[in-house]
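Enquirer: Hey, dropping structure.pdb in here, PDB, C-alpha atoms:
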ATOM      1  CA  MET A   1      82.548  73.578  90.291  1.00  0.00           C
ATOM      2  CA  GLY A   2      84.312  76.767  91.391  1.00  0.00           C
ATOM      3  CA  GLU A   3      86.720  78.999  89.517  1.00  0.00           C
ATOM      4  CA  LEU A   4      89.927  80.616  90.744  1.00  0.00           C
ATOM      5  CA  TYR A   5      91.622  83.374  88.746  1.00  0.00           C
ATOM      6  CA  LEU A   6      95.142  84.287  89.850  1.00  0.00           C
ATOM      7  CA  VAL A   7      96.627  87.570  88.611  1.00  0.00           C
ATOM      8  CA  ARG A   8     100.285  88.427  88.812  1.00  0.00           C
ATOM      9  CA  HIS A   9     100.837  92.072  89.751  1.00  0.00           C
ATOM     10  CA  GLY A  10     101.893  94.599  87.132  1.00  0.00           C
ATOM     11  CA  GLN A  11     105.547  95.393  86.590  1.00  0.00           C
ATOM     12  CA  ALA A  12     107.176  96.557  89.816  1.00  0.00           C
ATOM     13  CA  ASN A  13     110.314  98.625  90.477  1.00  0.00           C
ATOM     14  CA  THR A  14     112.755  96.511  88.506  1.00  0.00           C
ATOM     15  CA  GLY A  15     115.845  98.493  89.535  1.00  0.00           C
ATOM     16  CA  ALA A  16     115.371  97.718  93.233  1.00  0.00           C
ATOM     17  CA  THR A  17     118.001  96.159  95.465  1.00  0.00           C
ATOM     18  CA  SER A  18     115.638  95.196  98.299  1.00  0.00           C
ATOM     19  CA  GLU A  19     112.107  93.878  98.713  1.00  0.00           C
ATOM     20  CA  ALA A  20     110.954  97.207 100.158  1.00  0.00           C
ATOM     21  CA  GLU A  21     112.266  99.127  97.132  1.00  0.00           C
ATOM     22  CA  TYR A  22     110.786  96.627  94.693  1.00  0.00           C
ATOM     23  CA  ASP A  23     107.301  96.759  96.190  1.00  0.00           C
ATOM     24  CA  ARG A  24     105.611  99.421  94.032  1.00  0.00           C
ATOM     25  CA  LEU A  25     104.360  99.468  90.466  1.00  0.00           C
ATOM     26  CA  SER A  26     106.251 101.152  87.674  1.00  0.00           C
ATOM     27  CA  ASP A  27     104.390 103.371  85.204  1.00  0.00           C
ATOM     28  CA  LEU A  28     104.198 100.347  82.914  1.00  0.00           C
ATOM     29  CA  GLY A  29     102.787  98.260  85.775  1.00  0.00           C
ATOM     30  CA  HIS A  30      99.964 100.750  86.288  1.00  0.00           C
ATOM     31  CA  ARG A  31      99.219 100.666  82.550  1.00  0.00           C
ATOM     32  CA  GLN A  32      99.149  96.856  82.521  1.00  0.00           C
ATOM     33  CA  ALA A  33      96.713  96.783  85.451  1.00  0.00           C
ATOM     34  CA  GLY A  34      94.372  99.235  83.749  1.00  0.00           C
ATOM     35  CA  LEU A  35      94.349  97.264  80.509  1.00  0.00           C
ATOM     36  CA  LEU A  36      93.640  94.020  82.358  1.00  0.00           C
ATOM     37  CA  GLY A  37      90.752  95.586  84.260  1.00  0.00           C
ATOM     38  CA  ASP A  38      89.250  96.855  81.004  1.00  0.00           C
ATOM     39  CA  TRP A  39      89.541  93.398  79.457  1.00  0.00           C
ATOM     40  CA  LEU A  40      87.935  91.630  82.415  1.00  0.00           C
ATOM     41  CA  ARG A  41      84.971  94.010  82.458  1.00  0.00           C
ATOM     42  CA  ALA A  42      84.440  93.421  78.736  1.00  0.00           C
ATOM     43  CA  HIS A  43      84.858  89.637  78.708  1.00  0.00           C
ATOM     44  CA  GLU A  44      84.192  88.131  82.150  1.00  0.00           C
ATOM     45  CA  ASP A  45      81.296  87.892  84.565  1.00  0.00           C
ATOM     46  CA  GLY A  46      81.712  89.243  88.074  1.00  0.00           C
ATOM     47  CA  PHE A  47      83.401  87.462  90.944  1.00  0.00           C
ATOM     48  CA  ASP A  48      81.992  86.296  94.254  1.00  0.00           C
ATOM     49  CA  LEU A  49      85.199  87.140  96.118  1.00  0.00           C
ATOM     50  CA  THR A  50      88.210  89.373  95.421  1.00  0.00           C
ATOM     51  CA  LEU A  51      91.479  88.709  97.252  1.00  0.00           C
ATOM     52  CA  THR A  52      94.868  90.357  97.262  1.00  0.00           C
ATOM     53  CA  GLY A  53      98.105  89.774  99.056  1.00  0.00           C
ATOM     54  CA  ALA A  54      99.084  92.486 101.521  1.00  0.00           C
ATOM     55  CA  MET A  55     101.910  93.986  99.453  1.00  0.00           C
ATOM     56  CA  ARG A  56     101.776  97.444  97.920  1.00  0.00           C
ATOM     57  CA  ARG A  57     102.159  96.102  94.371  1.00  0.00           C
ATOM     58  CA  HIS A  58      99.166  93.811  94.907  1.00  0.00           C
ATOM     59  CA  ARG A  59      96.988  96.666  96.153  1.00  0.00           C
ATOM     60  CA  GLU A  60      98.098  98.984  93.354  1.00  0.00           C
ATOM     61  CA  THR A  61      97.380  96.340  90.719  1.00  0.00           C
ATOM     62  CA  ALA A  62      93.911  95.643  92.098  1.00  0.00           C
ATOM     63  CA  ALA A  63      93.148  99.375  92.245  1.00  0.00           C
ATOM     64  CA  GLY A  64      94.345  99.836  88.664  1.00  0.00           C
ATOM     65  CA  MET A  65      92.078  96.981  87.592  1.00  0.00           C
ATOM     66  CA  GLY A  66      89.129  98.670  89.295  1.00  0.00           C
ATOM     67  CA  LEU A  67      88.800  95.926  91.902  1.00  0.00           C
ATOM     68  CA  LEU A  68      87.834  96.536  95.526  1.00  0.00           C
ATOM     69  CA  PRO A  69      89.282  93.615  97.531  1.00  0.00           C
ATOM     70  CA  ASP A  70      87.040  91.800  99.994  1.00  0.00           C
ATOM     71  CA  ILE A  71      90.081  90.337 101.775  1.00  0.00           C
ATOM     72  CA  GLU A  72      93.719  91.391 101.970  1.00  0.00           C
ATOM     73  CA  ASP A  73      95.638  88.312 103.083  1.00  0.00           C
ATOM     74  CA  ALA A  74      99.359  88.385 103.878  1.00  0.00           C
ATOM     75  CA  ARG A  75      99.491  84.615 103.342  1.00  0.00           C
ATOM     76  CA  LEU A  76      99.317  85.447  99.607  1.00  0.00           C
ATOM     77  CA  ASN A  77     102.479  87.575  99.728  1.00  0.00           C
ATOM     78  CA  GLU A  78     105.523  86.758  97.631  1.00  0.00           C
ATOM     79  CA  MET A  79     108.656  85.030  98.873  1.00  0.00           C
ATOM     80  CA  ASP A  80     111.460  87.452  99.771  1.00  0.00           C
ATOM     81  CA  TYR A  81     113.795  86.598  96.907  1.00  0.00           C
ATOM     82  CA  PHE A  82     116.338  89.203  97.965  1.00  0.00           C
ATOM     83  CA  ALA A  83     116.770  87.361 101.289  1.00  0.00           C
ATOM     84  CA  LEU A  84     117.056  84.009  99.538  1.00  0.00           C
ATOM     85  CA  ALA A  85     119.664  85.416  97.139  1.00  0.00           C
ATOM     86  CA  ARG A  86     121.643  86.708 100.124  1.00  0.00           C
ATOM     87  CA  ASP A  87     121.467  83.326 101.853  1.00  0.00           C
ATOM     88  CA  ILE A  88     122.520  81.262  98.832  1.00  0.00           C
ATOM     89  CA  GLU A  89     125.484  83.585  98.236  1.00  0.00           C
ATOM     90  CA  ILE A  90     126.620  83.230 101.854  1.00  0.00           C
ATOM     91  CA  THR A  91     125.944  79.491 102.118  1.00  0.00           C
ATOM     92  CA  HIS A  92     126.760  78.207  98.627  1.00  0.00           C
ATOM     93  CA  GLY A  93     128.795  80.987  97.011  1.00  0.00           C
ATOM     94  CA  VAL A  94     126.209  81.600  94.274  1.00  0.00           C
ATOM     95  CA  ALA A  95     126.517  85.206  93.095  1.00  0.00           C
ATOM     96  CA  PRO A  96     123.347  87.338  92.808  1.00  0.00           C
ATOM     97  CA  PRO A  97     121.929  87.664  89.283  1.00  0.00           C
ATOM     98  CA  ASN A  98     122.911  90.747  87.280  1.00  0.00           C
ATOM     99  CA  SER A  99     120.718  90.146  84.215  1.00  0.00           C
ATOM    100  CA  GLN A 100     117.632  88.253  83.102  1.00  0.00           C
ATOM    101  CA  ASP A 101     119.874  85.483  81.752  1.00  0.00           C
ATOM    102  CA  ASP A 102     121.615  85.270  85.125  1.00  0.00           C
ATOM    103  CA  PHE A 103     118.230  85.059  86.834  1.00  0.00           C
ATOM    104  CA  ALA A 104     117.241  82.104  84.635  1.00  0.00           C
ATOM    105  CA  ASP A 105     120.219  80.219  86.078  1.00  0.00           C
ATOM    106  CA  HIS A 106     119.901  81.626  89.586  1.00  0.00           C
ATOM    107  CA  ILE A 107     116.294  80.806  90.444  1.00  0.00           C
ATOM    108  CA  PRO A 108     116.444  77.008  89.885  1.00  0.00           C
ATOM    109  CA  GLN A 109     119.518  76.811  92.145  1.00  0.00           C
ATOM    110  CA  THR A 110     117.872  79.020  94.750  1.00  0.00           C
ATOM    111  CA  LEU A 111     114.560  77.149  94.839  1.00  0.00           C
ATOM    112  CA  ALA A 112     116.379  73.809  95.023  1.00  0.00           C
ATOM    113  CA  ALA A 113     118.446  74.984  98.002  1.00  0.00           C
ATOM    114  CA  TRP A 114     115.384  76.510  99.669  1.00  0.00           C
ATOM    115  CA  HIS A 115     113.370  73.310  99.172  1.00  0.00           C
ATOM    116  CA  ALA A 116     116.277  71.283 100.600  1.00  0.00           C
ATOM    117  CA  ALA A 117     116.365  73.653 103.617  1.00  0.00           C
ATOM    118  CA  THR A 118     120.014  74.549 103.149  1.00  0.00           C
ATOM    119  CA  ILE A 119     118.883  78.192 102.929  1.00  0.00           C
ATOM    120  CA  ASN A 120     115.929  79.799 104.645  1.00  0.00           C
ATOM    121  CA  GLY A 121     115.483  83.439 103.614  1.00  0.00           C
ATOM    122  CA  THR A 122     112.791  84.997 105.765  1.00  0.00           C
ATOM    123  CA  GLU A 123     110.762  81.776 106.024  1.00  0.00           C
ATOM    124  CA  PRO A 124     111.149  78.063 105.271  1.00  0.00           C
ATOM    125  CA  PHE A 125     109.973  76.719 101.915  1.00  0.00           C
ATOM    126  CA  ALA A 126     107.421  74.517 103.690  1.00  0.00           C
ATOM    127  CA  LEU A 127     105.868  77.519 105.425  1.00  0.00           C
ATOM    128  CA  PHE A 128     105.628  79.451 102.146  1.00  0.00           C
ATOM    129  CA  GLU A 129     103.871  76.475 100.586  1.00  0.00           C
ATOM    130  CA  SER A 130     101.471  75.837 103.469  1.00  0.00           C
ATOM    131  CA  ARG A 131     100.401  79.453 103.957  1.00  0.00           C
ATOM    132  CA  ILE A 132      99.438  79.765 100.279  1.00  0.00           C
ATOM    133  CA  PHE A 133      97.555  76.480 100.336  1.00  0.00           C
ATOM    134  CA  ASP A 134      95.714  77.440 103.537  1.00  0.00           C
ATOM    135  CA  ALA A 135      94.707  80.884 102.227  1.00  0.00           C
ATOM    136  CA  LEU A 136      93.349  79.605  98.937  1.00  0.00           C
ATOM    137  CA  ALA A 137      91.695  76.538 100.456  1.00  0.00           C
ATOM    138  CA  ALA A 138      89.722  78.869 102.730  1.00  0.00           C
ATOM    139  CA  ALA A 139      88.714  81.178  99.873  1.00  0.00           C
ATOM    140  CA  ALA A 140      88.277  79.058  96.752  1.00  0.00           C
ATOM    141  CA  LYS A 141      85.244  76.800  97.030  1.00  0.00           C
ATOM    142  CA  PRO A 142      83.178  74.775  94.554  1.00  0.00           C
ATOM    143  CA  GLY A 143      80.447  76.968  93.094  1.00  0.00           C
ATOM    144  CA  LYS A 144      82.286  80.271  93.719  1.00  0.00           C
ATOM    145  CA  ARG A 145      84.207  82.552  91.351  1.00  0.00           C
ATOM    146  CA  VAL A 146      87.289  83.983  93.057  1.00  0.00           C
ATOM    147  CA  ILE A 147      89.926  86.384  91.729  1.00  0.00           C
ATOM    148  CA  CYS A 148      93.205  86.907  93.546  1.00  0.00           C
ATOM    149  CA  VAL A 149      95.932  89.484  92.814  1.00  0.00           C
ATOM    150  CA  THR A 150      99.269  88.126  93.984  1.00  0.00           C
ATOM    151  CA  SER A 151     102.834  87.421  92.788  1.00  0.00           C
ATOM    152  CA  GLY A 152     104.677  85.063  90.482  1.00  0.00           C
ATOM    153  CA  GLY A 153     106.112  82.849  93.207  1.00  0.00           C
ATOM    154  CA  VAL A 154     102.660  82.300  94.682  1.00  0.00           C
ATOM    155  CA  ILE A 155     101.292  81.379  91.248  1.00  0.00           C
ATOM    156  CA  ALA A 156     104.191  78.973  90.671  1.00  0.00           C
ATOM    157  CA  MET A 157     103.466  77.351  94.042  1.00  0.00           C
ATOM    158  CA  VAL A 158      99.797  76.862  93.134  1.00  0.00           C
ATOM    159  CA  MET A 159     100.989  75.259  89.894  1.00  0.00           C
ATOM    160  CA  ARG A 160     103.269  73.011  91.968  1.00  0.00           C
ATOM    161  CA  GLN A 161     100.327  71.922  94.088  1.00  0.00           C
ATOM    162  CA  ALA A 162      97.962  71.438  91.142  1.00  0.00           C
ATOM    163  CA  LEU A 163     100.431  69.518  88.945  1.00  0.00           C
ATOM    164  CA  GLY A 164     102.723  67.882  91.500  1.00  0.00           C
ATOM    165  CA  LEU A 165     105.840  69.783  90.377  1.00  0.00           C
ATOM    166  CA  GLY A 166     109.256  69.460  91.963  1.00  0.00           C
ATOM    167  CA  PRO A 167     111.342  72.562  92.751  1.00  0.00           C
ATOM    168  CA  ALA A 168     113.138  72.464  89.377  1.00  0.00           C
ATOM    169  CA  GLN A 169     109.855  72.348  87.472  1.00  0.00           C
ATOM    170  CA  MET A 170     108.430  75.050  89.726  1.00  0.00           C
ATOM    171  CA  ALA A 171     111.369  77.295  88.788  1.00  0.00           C
ATOM    172  CA  HIS A 172     110.744  76.649  85.098  1.00  0.00           C
ATOM    173  CA  VAL A 173     107.092  77.605  85.575  1.00  0.00           C
ATOM    174  CA  LEU A 174     108.006  80.782  87.458  1.00  0.00           C
ATOM    175  CA  LEU A 175     110.504  82.174  84.965  1.00  0.00           C
ATOM    176  CA  PRO A 176     108.144  82.954  82.040  1.00  0.00           C
ATOM    177  CA  ILE A 177     105.238  84.404  84.047  1.00  0.00           C
ATOM    178  CA  TRP A 178     104.171  87.726  82.518  1.00  0.00           C
ATOM    179  CA  ASN A 179     103.403  90.787  84.585  1.00  0.00           C
ATOM    180  CA  SER A 180      99.590  91.195  84.881  1.00  0.00           C
ATOM    181  CA  SER A 181      99.014  87.664  83.551  1.00  0.00           C
ATOM    182  CA  LEU A 182      95.920  85.539  84.215  1.00  0.00           C
ATOM    183  CA  HIS A 183      95.999  81.933  85.468  1.00  0.00           C
ATOM    184  CA  ARG A 184      92.736  79.985  85.744  1.00  0.00           C
ATOM    185  CA  PHE A 185      91.876  76.964  87.830  1.00  0.00           C
ATOM    186  CA  ARG A 186      88.744  74.898  88.427  1.00  0.00           C
ATOM    187  CA  ILE A 187      87.967  74.039  92.031  1.00  0.00           C
ATOM    188  CA  ARG A 188      86.360  70.687  92.801  1.00  0.00           C
ATOM    189  CA  GLU A 189      85.886  68.798  96.030  1.00  0.00           C
ATOM    190  CA  ASP A 190      88.647  66.419  94.926  1.00  0.00           C
ATOM    191  CA  GLY A 191      91.230  69.042  93.986  1.00  0.00           C
ATOM    192  CA  THR A 192      92.370  72.050  91.970  1.00  0.00           C
ATOM    193  CA  TYR A 193      92.661  71.697  88.189  1.00  0.00           C
ATOM    194  CA  LEU A 194      94.569  73.936  85.798  1.00  0.00           C
ATOM    195  CA  VAL A 195      92.509  75.508  82.999  1.00  0.00           C
ATOM    196  CA  SER A 196      94.946  78.045  81.538  1.00  0.00           C
ATOM    197  CA  PHE A 197      98.383  79.388  82.428  1.00  0.00           C
ATOM    198  CA  ASN A 198     100.102  82.737  81.837  1.00  0.00           C
ATOM    199  CA  THR A 199      97.601  84.333  79.479  1.00  0.00           C
ATOM    200  CA  ILE A 200      97.725  88.059  78.650  1.00  0.00           C
ATOM    201  CA  PRO A 201      94.621  88.621  76.473  1.00  0.00           C
ATOM    202  CA  HIS A 202      94.649  92.332  77.335  1.00  0.00           C
ATOM    203  CA  LEU A 203      98.137  92.638  75.804  1.00  0.00           C
ATOM    204  CA  ASP A 204      97.727  90.330  72.797  1.00  0.00           C
ATOM    205  CA  ALA A 205      96.960  93.099  70.305  1.00  0.00           C
ATOM    206  CA  PRO A 206     100.037  94.319  68.370  1.00  0.00           C
ATOM    207  CA  GLU A 207      99.590  97.859  69.653  1.00  0.00           C
ATOM    208  CA  HIS A 208     100.171  96.570  73.208  1.00  0.00           C
ATOM    209  CA  ALA A 209     103.352  94.603  72.421  1.00  0.00           C
ATOM    210  CA  SER A 210     105.493  97.211  74.195  1.00  0.00           C
ATOM    211  CA  ALA A 211     103.449  96.707  77.388  1.00  0.00           C
ATOM    212  CA  ARG A 212     104.519  93.061  77.815  1.00  0.00           C
ATOM    213  CA  SER A 213     107.108  92.366  80.515  1.00  0.00           C
ATOM    214  CA  HIS A 214     108.387  89.546  82.700  1.00  0.00           C
ATOM    215  CA  ILE A 215     110.311  91.638  85.258  1.00  0.00           C
TER
END
Could you spell out this file's structure in structure tokens?
Expert:
Amino acid sequence: MGELYLVRHGQANTGATSEAEYDRLSDLGHRQAGLLGDWLRAHEDGFDLTLTGAMRRHRETAAGMGLLPDIEDARLNEMDYFALARDIEITHGVAPPNSQDDFADHIPQTLAAWHAATINGTEPFALFESRIFDALAAAAKPGKRVICVTSGGVIAMVMRQALGLGPAQMAHVLLPIWNSSLHRFRIREDGTYLVSFNTIPHLDAPEHASARSHI
């Protein structure tokens, strides 16, 4: 039986108005990555394979954790939510979110439209899903321990595949994902099984409460 650990990147540039601006860690994101790396070294055995997506925030998170990636795979990159938000505004008249509460309403509508192929963003929903599945199927094997630094949308898609979630449930899974969180799966020949979701053991202590963030 293999193990797959997915890590969401640390907090990125939350004031961004484009994917390019968003794609770098904030000071808090760097702190989160360092704390997670310390926790893993103290509590976990090593990994047979380390993966990251090809985005700057993935690389910066891995570096902050003290990880040297074996593979940088663009198939593990996040969806371009800015492009999807643009498309759903043009096609369906849904205004972009201006707050976290707005985002909680916006993302289920956006994922539903993307899944239904009434919006496309920079890639179809089906391509986003298949590229993630293909990348992890090639890397995560029974008997191997794999850690992958990626993004919340990728993690939500793996949850969709593991639990058979529809787009509405996938959106509900995506919304609460913490920055620098850990998500563990067991890999068997007959499928991928969820072990734990959205844990932040490195931030559980009261003195780290201010380091917890969703966006």
Enquirer: What do you get, as a VMD selection string, if you spell out every residue that the PyMOL selection byres ((chain A and resi 72-85) around 10) selects here?
Expert: chain A and resid 16 to 20 22 50 to 55 58 to 59 69 to 71 86 to 91 94 to 97 106 to 107 109 to 111 113 to 114 119 to 125 127 to 136 148 to 155
Enquirer: Just the number, please: distance in Å from atom CA of A:Glu60 to atom CA of A:Phe47, one decimal.
Expert: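 That distance, rounded to one decimal, is 18.8 Å.
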Enquirer: Just checking: using all atoms listed in the file, which residue out of A:Ile177, A:Ile187, A:Leu182, A:Ala138 ends up closest to A:Pro201?
Expert: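 Once distances to A:Pro201 are computed over all atoms listed in the file, the minimum belongs to A:Leu182.
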Enquirer: Excluding same-chain residues fewer than 4 positions from A:His214, what lies within 7 Å of it counting only C-alpha atoms, as a ChimeraX atom specification?
Expert: /A:176-179
Enquirer: What's around A:Leu36 at 12 Å? Count all atoms listed in the file, leave out sequence neighbours fewer than 5 positions away in its own chain, and write the answer as a PDB file with C-alpha atoms, in the frame of the given file.
Expert:
ATOM      1  CA  VAL A   7      96.627  87.570  88.611  1.00  0.00           C
ATOM      2  CA  ARG A   8     100.285  88.427  88.812  1.00  0.00           C
ATOM      3  CA  HIS A   9     100.837  92.072  89.751  1.00  0.00           C
ATOM      4  CA  GLY A  10     101.893  94.599  87.132  1.00  0.00           C
ATOM      5  CA  GLY A  29     102.787  98.260  85.775  1.00  0.00           C
ATOM      6  CA  HIS A  30      99.964 100.750  86.288  1.00  0.00           C
ATOM      7  CA  ARG A  31      99.219 100.666  82.550  1.00  0.00           C
ATOM      8  CA  ARG A  41      84.971  94.010  82.458  1.00  0.00           C
ATOM      9  CA  ALA A  42      84.440  93.421  78.736  1.00  0.00           C
ATOM     10  CA  HIS A  43      84.858  89.637  78.708  1.00  0.00           C
ATOM     11  CA  GLU A  44      84.192  88.131  82.150  1.00  0.00           C
ATOM     12  CA  THR A  61      97.380  96.340  90.719  1.00  0.00           C
ATOM     13  CA  ALA A  62      93.911  95.643  92.098  1.00  0.00           C
ATOM     14  CA  ALA A  63      93.148  99.375  92.245  1.00  0.00           C
ATOM     15  CA  GLY A  64      94.345  99.836  88.664  1.00  0.00           C
ATOM     16  CA  MET A  65      92.078  96.981  87.592  1.00  0.00           C
ATOM     17  CA  GLY A  66      89.129  98.670  89.295  1.00  0.00           C
ATOM     18  CA  LEU A  67      88.800  95.926  91.902  1.00  0.00           C
ATOM     19  CA  VAL A 149      95.932  89.484  92.814  1.00  0.00           C
ATOM     20  CA  ASN A 179     103.403  90.787  84.585  1.00  0.00           C
ATOM     21  CA  SER A 180      99.590  91.195  84.881  1.00  0.00           C
ATOM     22  CA  SER A 181      99.014  87.664  83.551  1.00  0.00           C
ATOM     23  CA  LEU A 182      95.920  85.539  84.215  1.00  0.00           C
ATOM     24  CA  THR A 199      97.601  84.333  79.479  1.00  0.00           C
ATOM     25  CA  ILE A 200      97.725  88.059  78.650  1.00  0.00           C
ATOM     26  CA  PRO A 201      94.621  88.621  76.473  1.00  0.00           C
ATOM     27  CA  HIS A 202      94.649  92.332  77.335  1.00  0.00           C
ATOM     28  CA  LEU A 203      98.137  92.638  75.804  1.00  0.00           C
ATOM     29  CA  ASP A 204      97.727  90.330  72.797  1.00  0.00           C
ATOM     30  CA  HIS A 208     100.171  96.570  73.208  1.00  0.00           C
ATOM     31  CA  ALA A 211     103.449  96.707  77.388  1.00  0.00           C
ATOM     32  CA  ARG A 212     104.519  93.061  77.815  1.00  0.00           C
TER      33      ARG A 212
END
